[in-house]
file structure.cif (mmCIF, C-alpha atoms)
data_model
loop_
_atom_site.label_atom_id
_atom_site.label_comp_id
_atom_site.auth_asym_id
_atom_site.auth_seq_id
_atom_site.Cartn_x
_atom_site.Cartn_y
_atom_site.Cartn_z
CA MET A 1 62.88 138.12 66.29
CA LYS A 2 60.23 137.33 68.87
CA LYS A 3 59.69 133.80 70.13
CA GLU A 4 56.25 133.63 68.48
CA GLN A 5 57.72 134.72 65.13
CA ILE A 6 60.47 132.12 65.47
CA ARG A 7 57.89 129.42 66.23
CA VAL A 8 55.74 130.35 63.20
CA TYR A 9 58.81 130.57 60.95
CA GLY A 10 59.97 127.14 62.17
CA MET A 11 56.57 125.61 61.54
CA THR A 12 56.49 127.14 58.05
CA LEU A 13 59.96 125.82 57.26
CA LEU A 14 59.05 122.34 58.52
CA GLY A 15 55.90 122.40 56.40
CA ALA A 16 57.86 123.37 53.32
CA LEU A 17 60.40 120.64 53.94
CA SER A 18 57.62 118.11 54.46
CA LEU A 19 56.03 119.14 51.17
CA ILE A 20 59.35 118.76 49.36
CA LEU A 21 59.81 115.30 50.85
CA ILE A 22 56.28 114.29 49.86
CA LEU A 23 56.77 115.51 46.30
CA SER A 24 60.14 113.78 46.10
CA ALA A 25 58.63 110.55 47.34
CA ALA A 26 55.85 110.88 44.79
CA GLY A 27 58.44 111.34 42.07
CA LEU A 28 60.26 108.24 43.23
CA LEU A 29 57.01 106.30 43.20
CA VAL A 30 56.27 107.44 39.66
CA HIS A 31 59.80 106.46 38.61
CA SER A 32 59.39 103.14 40.36
CA ARG A 33 56.11 102.47 38.60
CA LYS A 34 57.79 103.17 35.28
CA THR A 35 60.63 100.86 36.19
CA ASP A 36 58.27 98.10 37.30
CA GLU A 37 55.92 98.45 34.33
CA THR A 38 55.98 95.45 32.02
CA ILE A 39 55.88 96.10 28.29
CA ARG A 40 55.84 93.70 25.36
CA VAL A 41 58.42 94.18 22.63
CA GLY A 42 58.05 92.44 19.28
CA PHE A 43 60.64 91.40 16.67
CA VAL A 44 59.96 90.43 13.05
CA TYR A 45 62.77 88.37 11.48
CA VAL A 46 63.34 87.42 7.86
CA GLY A 47 65.24 84.30 8.99
CA ASP A 48 66.05 82.57 12.25
CA SER A 49 69.05 82.24 14.54
CA SER A 50 70.69 79.75 12.19
CA THR A 51 71.60 82.65 9.86
CA GLY A 52 74.16 85.23 10.92
CA TYR A 53 72.07 88.27 9.98
CA THR A 54 69.01 87.29 12.03
CA ASN A 55 71.13 85.88 14.84
CA ASN A 56 72.73 89.29 15.38
CA PHE A 57 69.25 90.72 16.03
CA TYR A 58 68.38 87.73 18.19
CA GLU A 59 71.45 88.46 20.33
CA ALA A 60 70.11 91.99 20.80
CA GLN A 61 66.72 90.56 21.76
CA LYS A 62 68.39 88.40 24.42
CA ALA A 63 70.34 91.43 25.62
CA VAL A 64 67.02 93.24 26.17
CA GLU A 65 65.70 90.35 28.24
CA LYS A 66 68.87 90.31 30.32
CA ALA A 67 69.03 94.07 30.80
CA TYR A 68 65.39 94.70 31.72
CA GLY A 69 64.35 91.40 33.28
CA GLY A 70 60.70 91.36 34.25
CA SER A 71 60.09 94.84 32.84
CA VAL A 72 60.12 93.55 29.26
CA VAL A 73 58.59 90.53 27.58
CA THR A 74 59.94 89.90 24.07
CA ILE A 75 58.00 88.14 21.31
CA ALA A 76 59.59 87.10 18.01
CA LYS A 77 58.22 86.07 14.63
CA TYR A 78 60.75 84.10 12.59
CA ASN A 79 61.17 83.33 8.88
CA VAL A 80 58.74 86.02 7.79
CA PRO A 81 58.91 86.64 4.00
CA GLU A 82 59.23 90.31 3.15
CA ASP A 83 55.88 90.25 1.35
CA LYS A 84 54.14 88.69 4.37
CA ALA A 85 55.13 91.20 7.02
CA GLU A 86 51.54 92.29 7.70
CA VAL A 87 50.66 88.88 9.16
CA ALA A 88 53.49 89.04 11.71
CA LEU A 89 52.83 92.68 12.54
CA GLN A 90 49.14 92.08 13.14
CA ALA A 91 49.94 89.15 15.42
CA LEU A 92 52.29 91.31 17.51
CA ILE A 93 49.66 94.02 17.80
CA VAL A 94 47.11 91.46 18.99
CA GLU A 95 49.70 90.38 21.57
CA GLU A 96 49.76 94.03 22.80
CA CYS A 97 53.34 94.96 21.91
CA LYS A 98 54.15 98.60 22.65
CA LEU A 99 57.36 98.54 20.58
CA ILE A 100 58.04 96.51 17.43
CA PHE A 101 61.37 96.04 15.64
CA THR A 102 61.23 95.01 11.99
CA THR A 103 64.59 93.82 10.75
CA SER A 104 64.68 93.46 6.96
CA TYR A 105 64.71 96.15 4.28
CA GLY A 106 61.64 94.82 2.50
CA TYR A 107 59.46 95.27 5.59
CA GLY A 108 59.78 99.05 5.49
CA GLU A 109 56.75 100.04 3.45
CA THR A 110 54.37 97.71 5.28
CA THR A 111 55.72 98.66 8.70
CA LYS A 112 55.17 102.34 8.01
CA ILE A 113 51.56 101.64 6.98
CA PHE A 114 51.04 99.87 10.31
CA ALA A 115 52.69 102.73 12.19
CA LYS A 116 50.19 105.16 10.68
CA ALA A 117 47.30 102.88 11.68
CA TYR A 118 48.57 102.34 15.25
CA PRO A 119 50.02 105.66 16.52
CA GLU A 120 50.14 104.40 20.13
CA ILE A 121 52.77 101.78 19.18
CA GLN A 122 56.41 102.58 18.38
CA PHE A 123 57.83 100.91 15.25
CA CYS A 124 61.59 100.72 14.60
CA GLN A 125 62.64 99.54 11.14
CA ALA A 126 66.24 98.44 10.50
CA THR A 127 68.15 99.21 7.26
CA CYS A 128 65.39 101.32 5.70
CA ALA A 129 65.46 105.00 4.75
CA ASN A 130 61.82 106.06 4.77
CA ALA A 131 61.33 107.49 8.28
CA ASN A 132 61.88 111.04 7.06
CA GLU A 133 59.71 110.71 3.97
CA GLU A 134 56.03 111.62 3.78
CA PRO A 135 53.99 110.73 5.65
CA TYR A 136 56.17 111.75 8.59
CA LEU A 137 55.13 109.76 11.67
CA ASP A 138 56.24 110.37 15.25
CA ASN A 139 56.04 106.64 16.02
CA TYR A 140 58.02 105.33 13.02
CA HIS A 141 61.81 105.19 13.24
CA THR A 142 64.69 103.80 11.17
CA PHE A 143 68.22 102.80 12.17
CA MET A 144 71.38 101.19 10.80
CA GLY A 145 75.11 100.97 11.45
CA ARG A 146 77.58 102.56 9.02
CA ILE A 147 78.60 99.18 7.66
CA TYR A 148 80.67 100.61 4.83
CA GLU A 149 83.32 101.22 7.49
CA GLY A 150 83.53 97.51 8.30
CA ARG A 151 83.39 96.56 4.63
CA TYR A 152 86.33 98.82 3.89
CA VAL A 153 88.41 97.40 6.73
CA SER A 154 87.55 93.86 5.61
CA GLY A 155 88.64 94.84 2.13
CA VAL A 156 91.98 96.04 3.40
CA ALA A 157 92.52 92.66 5.09
CA ALA A 158 91.66 90.94 1.79
CA GLY A 159 93.96 93.29 -0.09
CA MET A 160 96.81 92.44 2.26
CA LYS A 161 96.29 88.76 1.44
CA LEU A 162 96.31 89.50 -2.29
CA ARG A 163 99.48 91.55 -1.89
CA GLU A 164 101.10 88.66 -0.02
CA LEU A 165 100.15 86.21 -2.79
CA ILE A 166 101.51 88.55 -5.47
CA ASP A 167 104.74 89.23 -3.59
CA GLU A 168 105.30 85.50 -3.06
CA GLY A 169 104.74 84.80 -6.76
CA LYS A 170 101.66 82.65 -6.16
CA ILE A 171 99.50 84.87 -8.39
CA THR A 172 100.21 87.70 -10.79
CA GLY A 173 98.76 91.19 -10.58
CA GLU A 174 96.42 90.28 -13.44
CA GLN A 175 95.07 87.40 -11.31
CA ALA A 176 94.09 89.66 -8.40
CA LYS A 177 90.38 89.07 -8.89
CA VAL A 178 87.67 89.46 -6.26
CA GLY A 179 84.29 87.71 -6.44
CA TYR A 180 81.22 88.96 -4.58
CA VAL A 181 77.96 87.10 -3.94
CA ALA A 182 75.32 89.82 -3.58
CA ALA A 183 71.65 89.47 -2.67
CA PHE A 184 69.94 92.38 -4.45
CA PRO A 185 71.02 95.44 -6.47
CA TYR A 186 70.04 97.78 -3.62
CA ALA A 187 72.12 100.80 -2.63
CA GLU A 188 72.94 99.05 0.66
CA VAL A 189 74.49 96.13 -1.23
CA ILE A 190 76.23 98.24 -3.89
CA SER A 191 77.68 100.57 -1.26
CA GLY A 192 78.94 97.55 0.66
CA TYR A 193 80.76 95.82 -2.15
CA THR A 194 82.13 99.10 -3.48
CA SER A 195 83.65 100.05 -0.12
CA PHE A 196 85.00 96.51 0.17
CA LEU A 197 86.76 96.76 -3.19
CA LEU A 198 88.09 100.23 -2.39
CA GLY A 199 89.62 98.74 0.74
CA VAL A 200 91.17 95.94 -1.31
CA ARG A 201 92.57 98.37 -3.87
CA SER A 202 94.10 100.59 -1.19
CA VAL A 203 96.60 97.73 -0.76
CA ALA A 204 96.39 95.91 -4.09
CA PRO A 205 95.49 98.50 -6.77
CA GLU A 206 95.57 95.78 -9.44
CA ALA A 207 92.42 94.17 -8.01
CA VAL A 208 89.11 94.07 -9.89
CA MET A 209 85.75 92.63 -8.84
CA THR A 210 83.00 90.49 -10.34
CA VAL A 211 79.55 90.57 -8.71
CA LYS A 212 76.83 87.94 -8.99
CA TYR A 213 73.32 88.67 -7.67
CA THR A 214 71.15 85.94 -6.19
CA ASN A 215 67.99 88.12 -5.84
CA THR A 216 67.26 86.48 -2.50
CA TRP A 217 68.65 86.98 0.99
CA GLY A 218 69.01 83.36 2.00
CA ASP A 219 69.43 80.51 -0.51
CA TYR A 220 72.33 78.28 0.54
CA HIS A 221 72.57 76.31 -2.70
CA LEU A 222 72.28 79.36 -4.98
CA GLU A 223 74.85 81.35 -2.98
CA LYS A 224 77.24 78.41 -3.01
CA GLU A 225 76.79 77.91 -6.75
CA CYS A 226 77.45 81.61 -7.42
CA ALA A 227 80.63 81.44 -5.34
CA LYS A 228 81.76 78.31 -7.20
CA LYS A 229 81.26 80.03 -10.56
CA LEU A 230 83.27 83.03 -9.39
CA ILE A 231 86.06 80.71 -8.24
CA ASP A 232 85.98 78.91 -11.59
CA GLU A 233 86.35 82.30 -13.28
CA GLY A 234 89.58 82.84 -11.38
CA CYS A 235 88.50 84.88 -8.35
CA VAL A 236 91.02 84.61 -5.52
CA ILE A 237 89.00 86.43 -2.84
CA ILE A 238 85.30 85.70 -2.29
CA SER A 239 83.00 87.80 -0.12
CA GLN A 240 79.26 88.19 0.23
CA HIS A 241 76.24 90.23 1.17
CA SER A 242 73.82 87.35 1.64
CA ASP A 243 72.71 85.34 4.64
CA THR A 244 73.96 81.77 4.38
CA ILE A 245 77.27 79.93 4.72
CA GLY A 246 77.12 78.80 1.08
CA PRO A 247 79.97 81.00 -0.19
CA ALA A 248 82.23 79.99 2.72
CA SER A 249 81.54 76.30 2.03
CA ALA A 250 82.39 76.79 -1.65
CA CYS A 251 85.74 78.33 -0.76
CA GLU A 252 86.64 75.61 1.74
CA GLU A 253 85.76 72.84 -0.72
CA THR A 254 87.97 74.29 -3.43
CA ASN A 255 91.03 72.27 -4.39
CA ARG A 256 93.98 73.46 -2.34
CA SER A 257 96.04 73.94 -5.49
CA GLN A 258 93.89 77.02 -6.09
CA ASN A 259 94.47 80.16 -4.07
CA VAL A 260 91.00 81.05 -2.76
CA PHE A 261 90.21 82.97 0.43
CA PHE A 262 87.00 84.14 2.03
CA VAL A 263 85.77 87.29 3.82
CA SER A 264 82.48 86.94 5.68
CA TYR A 265 79.61 89.16 6.74
CA ASN A 266 77.47 89.01 9.90
CA GLU A 267 79.28 86.03 11.42
CA SER A 268 82.72 84.49 11.60
CA MET A 269 83.13 81.55 9.25
CA SER A 270 86.28 80.18 10.87
CA ASP A 271 84.47 76.95 11.75
CA ILE A 272 83.02 76.55 8.25
CA ALA A 273 86.14 77.58 6.35
CA PRO A 274 89.13 77.19 8.70
CA THR A 275 91.73 77.14 5.91
CA THR A 276 90.27 79.93 3.76
CA TYR A 277 88.45 82.37 6.07
CA LEU A 278 90.30 85.65 6.69
CA THR A 279 87.98 87.96 8.66
CA GLY A 280 84.67 89.78 8.35
CA CYS A 281 82.43 92.47 9.82
CA LYS A 282 78.94 92.95 11.16
CA ILE A 283 76.47 95.50 12.47
CA ASN A 284 75.98 95.34 16.22
CA TRP A 285 72.27 96.05 16.76
CA GLU A 286 72.38 95.97 20.56
CA PRO A 287 73.11 99.67 21.30
CA TYR A 288 70.12 100.98 19.38
CA ILE A 289 67.68 98.28 20.42
CA LEU A 290 68.56 98.51 24.13
CA GLU A 291 68.25 102.30 24.12
CA ALA A 292 64.99 102.28 22.15
CA VAL A 293 63.47 99.86 24.66
CA GLU A 294 64.60 102.08 27.51
CA ALA A 295 63.01 105.09 25.82
CA VAL A 296 59.64 103.35 25.60
CA LEU A 297 59.91 102.05 29.17
CA TYR A 298 60.46 105.56 30.52
CA ASP A 299 58.19 107.36 28.06
CA LYS A 300 61.04 109.21 26.34
CA GLU A 301 61.61 110.08 22.69
CA ILE A 302 63.70 107.37 21.05
CA GLU A 303 65.96 109.79 19.17
CA LYS A 304 66.71 111.64 22.41
CA GLN A 305 67.64 108.41 24.15
CA VAL A 306 69.81 106.77 21.49
CA GLU A 307 73.43 107.83 21.08
CA GLY A 308 74.39 108.23 17.44
CA THR A 309 74.05 110.52 14.46
CA ILE A 310 70.47 111.74 14.45
CA TYR A 311 68.64 112.42 11.19
CA GLU A 312 65.22 113.43 12.60
CA ASN A 313 63.51 110.02 13.14
CA ASP A 314 66.51 108.06 11.88
CA VAL A 315 69.72 107.14 13.73
CA GLY A 316 73.06 105.75 12.59
CA ALA A 317 76.55 105.19 13.98
CA GLY A 318 79.74 103.30 13.20
CA PHE A 319 82.85 102.09 14.98
CA GLU A 320 82.78 105.10 17.31
CA LYS A 321 79.63 103.85 19.08
CA SER A 322 80.33 100.13 18.55
CA TRP A 323 77.47 99.87 16.05
CA VAL A 324 79.93 98.32 13.60
CA GLU A 325 82.32 95.57 14.67
CA MET A 326 85.02 93.47 13.05
CA LEU A 327 84.83 89.71 13.37
CA GLU A 328 87.72 87.53 14.45
CA ILE A 329 90.85 87.43 12.31
CA ASN A 330 92.11 84.00 11.27
CA GLU A 331 95.78 84.66 11.93
CA PHE A 332 96.75 81.26 10.54
CA VAL A 333 95.53 82.39 7.12
CA ALA A 334 95.54 86.20 7.07
CA ALA A 335 98.60 88.09 5.89
CA GLU A 336 101.18 89.07 8.48
CA GLY A 337 100.30 92.35 10.19
CA THR A 338 96.57 92.14 9.45
CA LYS A 339 95.52 92.37 13.10
CA GLU A 340 97.58 95.51 13.70
CA LYS A 341 96.37 97.12 10.48
CA VAL A 342 92.72 96.44 11.32
CA GLU A 343 93.13 97.97 14.78
CA SER A 344 94.79 101.04 13.25
CA LEU A 345 92.00 101.51 10.71
CA ILE A 346 89.32 101.27 13.39
CA ARG A 347 91.08 104.02 15.35
CA ASP A 348 91.25 106.14 12.21
CA PHE A 349 87.54 105.69 11.52
CA LYS A 350 86.74 106.68 15.09
CA ASN A 351 88.79 109.84 14.57
CA ASN A 352 87.19 110.57 11.18
CA LYS A 353 90.50 110.22 9.31
CA ILE A 354 89.46 107.87 6.48
CA ARG A 355 87.79 108.89 3.23
CA VAL A 356 86.40 105.78 1.55
CA PHE A 357 84.50 107.01 -1.51
CA LEU A 358 87.29 109.16 -2.89
CA GLY A 359 89.76 108.46 -5.67
CA ASP A 360 90.37 108.26 -9.39
CA TYR A 361 87.11 106.46 -10.16
CA THR A 362 83.99 107.09 -12.18
CA GLY A 363 80.73 105.20 -11.99
CA VAL A 364 77.20 104.90 -13.32
CA ASP A 365 73.79 104.18 -11.83
CA PRO A 366 72.73 100.79 -13.25
CA GLN A 367 69.10 101.93 -13.25
CA ASN A 368 69.83 105.23 -15.01
CA PRO A 369 72.85 105.46 -17.34
CA GLU A 370 72.56 109.25 -17.37
CA ASP A 371 73.29 109.35 -13.63
CA THR A 372 77.07 109.22 -13.27
CA ILE A 373 79.61 110.04 -10.59
CA ASN A 374 83.25 111.07 -10.39
CA LEU A 375 84.92 110.19 -7.09
CA ARG A 376 87.63 112.78 -7.50
CA GLN A 377 85.06 114.70 -5.50
CA GLU A 378 84.36 112.69 -2.36
CA TYR A 379 81.00 111.02 -1.96
CA ILE A 380 79.89 111.29 1.67
CA GLU A 381 78.13 108.04 2.57
CA ASN A 382 75.37 108.23 5.21
CA LYS A 383 75.36 111.99 4.92
CA GLU A 384 71.60 112.34 5.36
CA SER A 385 70.44 108.89 6.49
CA SER A 386 71.59 105.82 8.37
CA ALA A 387 70.93 103.64 5.32
CA PRO A 388 73.62 103.66 2.60
CA THR A 389 72.89 105.67 -0.55
CA PHE A 390 75.90 105.00 -2.82
CA HIS A 391 74.45 103.19 -5.84
CA TYR A 392 76.98 103.52 -8.66
CA ILE A 393 78.89 100.72 -10.38
CA LEU A 394 82.53 101.76 -10.73
CA ASP A 395 83.76 101.77 -14.30
CA ASP A 396 86.47 99.29 -15.31
CA VAL A 397 87.02 97.77 -11.85
CA ILE A 398 83.58 96.27 -11.06
CA HIS A 399 81.74 93.96 -13.42
CA VAL A 400 78.21 92.73 -12.67
CA GLU A 401 77.38 89.36 -14.20
CA LYS A 402 73.81 88.44 -15.06
#
call {"tool": "encode", "arguments": {"input": "structure.cif", "output": "C-alpha cells"}}
result
Amino acid sequence: MKKEQIRVYGMTLLGALSLILILSAAGLLVHSRKTDETIRVGFVYVGDSSTGYTNNFYEAQKAVEKAYGGSVVTIAKYNVPEDKAEVALQALIVEECKLIFTTSYGYGETTKIFAKAYPEIQFCQATCANANEEPYLDNYHTFMGRIYEGRYVSGVAAGMKLRELIDEGKITGEQAKVGYVAAFPYAEVISGYTSFLLGVRSVAPEAVMTVKYTNTWGDYHLEKECAKKLIDEGCVIISQHSDTIGPASACEETNRSQNVFFVSYNESMSDIAPTTYLTGCKINWEPYILEAVEAVLYDKEIEKQVEGTIYENDVGAGFEKSWVEMLEINEFVAAEGTKEKVESLIRDFKNNKIRVFLGDYTGVDPQNPEDTINLRQEYIENKESSAPTFHYILDDVIHVEK
C-alpha cells in the first residue's frame, strides 16, 4: 500500500471512529436527559396510612421517592370513596401527572374512562380485571399479587393451632370453627377466604367456616362487632378481608377462658393482639410500582419492564417475585413448628408444587345457583388474570351469614 493510500485510509478510519464517538455521546446525552427528566406520579387511595391496606401502597410510594430521587415527584389523594374517584383523578391530571396508580377495586371503571380520555397518561389500576376487556387501551394497566398463596399459608398456620388445641383436649373436632370478617362478596374476597379455609383443612380437616360481610372496606366498629358475633357463635380462629384492626381488637378483648386466635391481613397485629395474633399475609406492591415508574421514566412499555406473569396489559406474581409476603409469626402463640412449615410452603409455592383449589369439594356461585363447581378437577386461580376469579361457596364447609 502506498503512503498516500495509507494516509487516506487512516483519515477515513479516524473519521469513522470520531463519528461513532459522537453518536455514542449523543446516546449518552439522550439517556442522561431521560434520567434527569422529572415526572409526576399520582396515587389515589381509598384510605390513609393508618390502615394496613393503604399503608402498603404508601410504602411503595415512599420507595419510589427513595429510588428515583429528583426524577419523580409523587402526589397522593387519600380517603377517596370509590364513587368519588373522578374528583381525585381530575386533580392529578391538573397537576400534570404522567402516571397514576389507582389502588381500590371500585376505582376500575372510572379509571378506565379517564384512561380513554387522556391517552398520553399511563393509568395502573390495582386489583381489577378489566384491562383486557373492551375497550382495550394501551395506557390502561391492571396488576395484583397472587394473594391466595399467602391466604393458604396463613390457613395452614391457623390449622396447626387448631390441631394443637384438639390434640391438647382444649377443643373438640366439632368445635374447630373458623370465623371470617369479609368486606364484599367479590371474587377476590371469596377466593381469599376459600384458600384460607383450604389451608386450615389441610391440617385440621374437621374445620368449617362462617363468613360475615360488612359491605364496606373500612368500618372499625362494624368489623369488630362482626368478629364478636363470630366469637360468640363459637369460632376459635378469626380472620378478615377488611381494612381495620377491629377484628384483632375483638379477639384480644375476649375472655381468656375462651380459645380465640387471630390471623391478619395486610399488617401484623402483634401489637394490637399480642396474646391472640398468630400470623398473616400481604401483597407487596413495591415491585410492580417501582418497575412501572421506571418504564414511564425511560419511555418503555410497562408490561415489558415488569417481571411477572403477563396477561397482555395485566401483570401478576406471587411468592416467586416477592409480590406476596408472609407477616411475622407470633411464636409465643403459634403452634410449635409453624415457622418451619411456613418457610417450607413458601418454597413449594415458588417451585409450583402446591395445588390449592383441588380436593373433594363442590361449590355454587351465590349469584347464580346453576353455576356449580367440583374441585375434584383442579381450579387454576389467576389462570388468565392477576385478579382472583374463584367465586364459589363450598358446600357444607362454608356458611355465609346475612
call {"tool": "closest_residue", "arguments": {"input": "structure.cif", "among": "A:Thr194, A:Ser386, A:Ser344, A:Ser264", "to": "Thr362 of chain A", "atoms": "only C-alpha atoms"}}
result
A:Thr194
call {"tool": "resolve_selection", "arguments": {"input": "structure.cif", "expression": "the PyMOL selection byres ((chain A and resi 334) around 10)", "output": "ChimeraX atom specification"}}
result
/A:157-158,160-162,164,261,275-279,329-333,335-339
call {"tool": "closest_residue", "arguments": {"input": "structure.cif", "among": "A:Leu137, A:Glu65, A:Glu312, A:Trp217", "to": "Asn79 of chain A", "atoms": "only C-alpha atoms"}}
result
A:Trp217
call {"tool": "atom_distance", "arguments": {"input": "structure.cif", "atom1": "atom CA of Glu325 of chain A", "atom2": "atom CA of Asn284 of chain A"}}
result
6.5 Å
call {"tool": "closest_residue", "arguments": {"input": "structure.cif", "among": "A:Thr210, A:Gln90, A:Thr102, A:Gln377", "to": "Ala176 of chain A", "atoms": "all atoms listed in the file"}}
result
A:Thr210
call {"tool": "closest_residue", "arguments": {"input": "structure.cif", "among": "A:Glu286, A:Asp219, A:Asp395, A:Glu252", "to": "Ala60 of chain A", "atoms": "only C-alpha atoms"}}
result
A:Glu286
call {"tool": "resolve_selection", "arguments": {"input": "structure.cif", "expression": "the PyMOL selection byres ((chain A and resi 47-57) around 9)", "output": "PyMOL selection string"}}
result
chain A and resi 43+45-46+58-62+77-81+103+218+242-245+265-268+282-286+289
call {"tool": "residues_around", "arguments": {"input": "structure.cif", "residues": "Ser71 of chain A", "least_positions_apart": "2", "cutoff": "6 Å", "atoms": "only C-alpha atoms", "output": "ChimeraX atom specification"}}
result
/A:36-38,68-69
call {"tool": "write_last_selection", "arguments": {"input": "structure.cif", "atoms": "C-alpha atoms", "output": "CSV table (one decimal), in the frame of the given file"}}
result
chain,number,residue,atom,x,y,z
A,36,ASP,CA,58.3,98.1,37.3
A,37,GLU,CA,55.9,98.4,34.3
A,38,THR,CA,56.0,95.4,32.0
A,68,TYR,CA,65.4,94.7,31.7
A,69,GLY,CA,64.4,91.4,33.3
call {"tool": "closest_residue", "arguments": {"input": "structure.cif", "among": "A:Gly173, A:Pro287, A:Val397, A:Asn215", "to": "Ala67 of chain A", "atoms": "all atoms listed in the file"}}
result
A:Pro287
call {"tool": "atom_distance", "arguments": {"input": "structure.cif", "atom1": "atom CA of Ile166 of chain A", "atom2": "atom CA of Ser202 of chain A"}}
result
14.8 Å
call {"tool": "build_atoms", "arguments": {"input": "structure.cif", "residues": "segment 377-384 of chain A", "atoms": "all heavy atoms", "output": "JSON list (two decimals), in the frame of the given file"}}
result
[["chain", "number", "residue", "atom", "x", "y", "z"],
["A", 377, "GLN", "N", 85.76, 113.96, -6.56],
["A", 377, "GLN", "CA", 85.06, 114.70, -5.50],
["A", 377, "GLN", "C", 84.44, 113.68, -4.57],
["A", 377, "GLN", "O", 83.65, 112.83, -4.99],
["A", 377, "GLN", "CB", 83.98, 115.61, -6.10],
["A", 377, "GLN", "CG", 83.23, 116.39, -5.03],
["A", 377, "GLN", "CD", 82.21, 117.35, -5.63],
["A", 377, "GLN", "OE1", 82.19, 117.57, -6.83],
["A", 377, "GLN", "NE2", 81.35, 117.90, -4.79],
["A", 378, "GLU", "N", 84.78, 113.73, -3.30],
["A", 378, "GLU", "CA", 84.36, 112.69, -2.36],
["A", 378, "GLU", "C", 82.85, 112.57, -2.26],
["A", 378, "GLU", "O", 82.13, 113.56, -2.19],
["A", 378, "GLU", "CB", 84.93, 112.99, -0.96],
["A", 378, "GLU", "CG", 84.57, 111.94, 0.07],
["A", 378, "GLU", "CD", 85.04, 112.29, 1.48],
["A", 378, "GLU", "OE1", 85.55, 113.41, 1.68],
["A", 378, "GLU", "OE2", 84.87, 111.44, 2.38],
["A", 379, "TYR", "N", 82.39, 111.31, -2.24],
["A", 379, "TYR", "CA", 81.00, 111.02, -1.96],
["A", 379, "TYR", "C", 80.89, 110.73, -0.46],
["A", 379, "TYR", "O", 81.54, 109.83, 0.05],
["A", 379, "TYR", "CB", 80.52, 109.80, -2.76],
["A", 379, "TYR", "CG", 79.05, 109.51, -2.61],
["A", 379, "TYR", "CD1", 78.12, 110.04, -3.49],
["A", 379, "TYR", "CD2", 78.58, 108.70, -1.57],
["A", 379, "TYR", "CE1", 76.76, 109.77, -3.36],
["A", 379, "TYR", "CE2", 77.22, 108.42, -1.43],
["A", 379, "TYR", "CZ", 76.33, 108.97, -2.32],
["A", 379, "TYR", "OH", 74.98, 108.71, -2.17],
["A", 380, "ILE", "N", 80.06, 111.47, 0.23],
["A", 380, "ILE", "CA", 79.89, 111.29, 1.67],
["A", 380, "ILE", "C", 78.77, 110.30, 1.91],
["A", 380, "ILE", "O", 77.59, 110.60, 1.74],
["A", 380, "ILE", "CB", 79.57, 112.62, 2.38],
["A", 380, "ILE", "CG1", 80.59, 113.69, 2.01],
["A", 380, "ILE", "CG2", 79.51, 112.40, 3.90],
["A", 380, "ILE", "CD1", 82.00, 113.39, 2.44],
["A", 381, "GLU", "N", 79.13, 109.07, 2.29],
["A", 381, "GLU", "CA", 78.13, 108.04, 2.57],
["A", 381, "GLU", "C", 77.45, 108.33, 3.91],
["A", 381, "GLU", "O", 78.07, 108.88, 4.82],
["A", 381, "GLU", "CB", 78.77, 106.66, 2.59],
["A", 381, "GLU", "CG", 77.81, 105.49, 2.78],
["A", 381, "GLU", "CD", 76.72, 105.42, 1.71],
["A", 381, "GLU", "OE1", 75.82, 106.29, 1.75],
["A", 381, "GLU", "OE2", 76.77, 104.50, 0.88],
["A", 382, "ASN", "N", 76.17, 108.00, 4.00],
["A", 382, "ASN", "CA", 75.37, 108.23, 5.21],
["A", 382, "ASN", "C", 75.33, 109.70, 5.61],
["A", 382, "ASN", "O", 75.21, 110.04, 6.78],
["A", 382, "ASN", "CB", 75.89, 107.40, 6.38],
["A", 382, "ASN", "CG", 75.85, 105.91, 6.11],
["A", 382, "ASN", "OD1", 76.89, 105.25, 6.09],
["A", 382, "ASN", "ND2", 74.67, 105.36, 5.88],
["A", 383, "LYS", "N", 75.38, 110.56, 4.63],
["A", 383, "LYS", "CA", 75.36, 111.99, 4.92],
["A", 383, "LYS", "C", 74.02, 112.44, 5.49],
["A", 383, "LYS", "O", 73.96, 113.29, 6.39],
["A", 383, "LYS", "CB", 75.68, 112.79, 3.66],
["A", 383, "LYS", "CG", 75.75, 114.29, 3.85],
["A", 383, "LYS", "CD", 76.11, 115.00, 2.56],
["A", 383, "LYS", "CE", 76.21, 116.50, 2.75],
["A", 383, "LYS", "NZ", 76.56, 117.20, 1.48],
["A", 384, "GLU", "N", 72.93, 111.88, 4.96],
["A", 384, "GLU", "CA", 71.60, 112.34, 5.36],
["A", 384, "GLU", "C", 70.71, 111.22, 5.90],
["A", 384, "GLU", "O", 69.55, 111.46, 6.22],
["A", 384, "GLU", "CB", 70.91, 113.02, 4.17],
["A", 384, "GLU", "CG", 71.65, 114.27, 3.70],
["A", 384, "GLU", "CD", 70.99, 114.92, 2.50],
["A", 384, "GLU", "OE1", 70.13, 114.26, 1.88],
["A", 384, "GLU", "OE2", 71.33, 116.07, 2.19]]
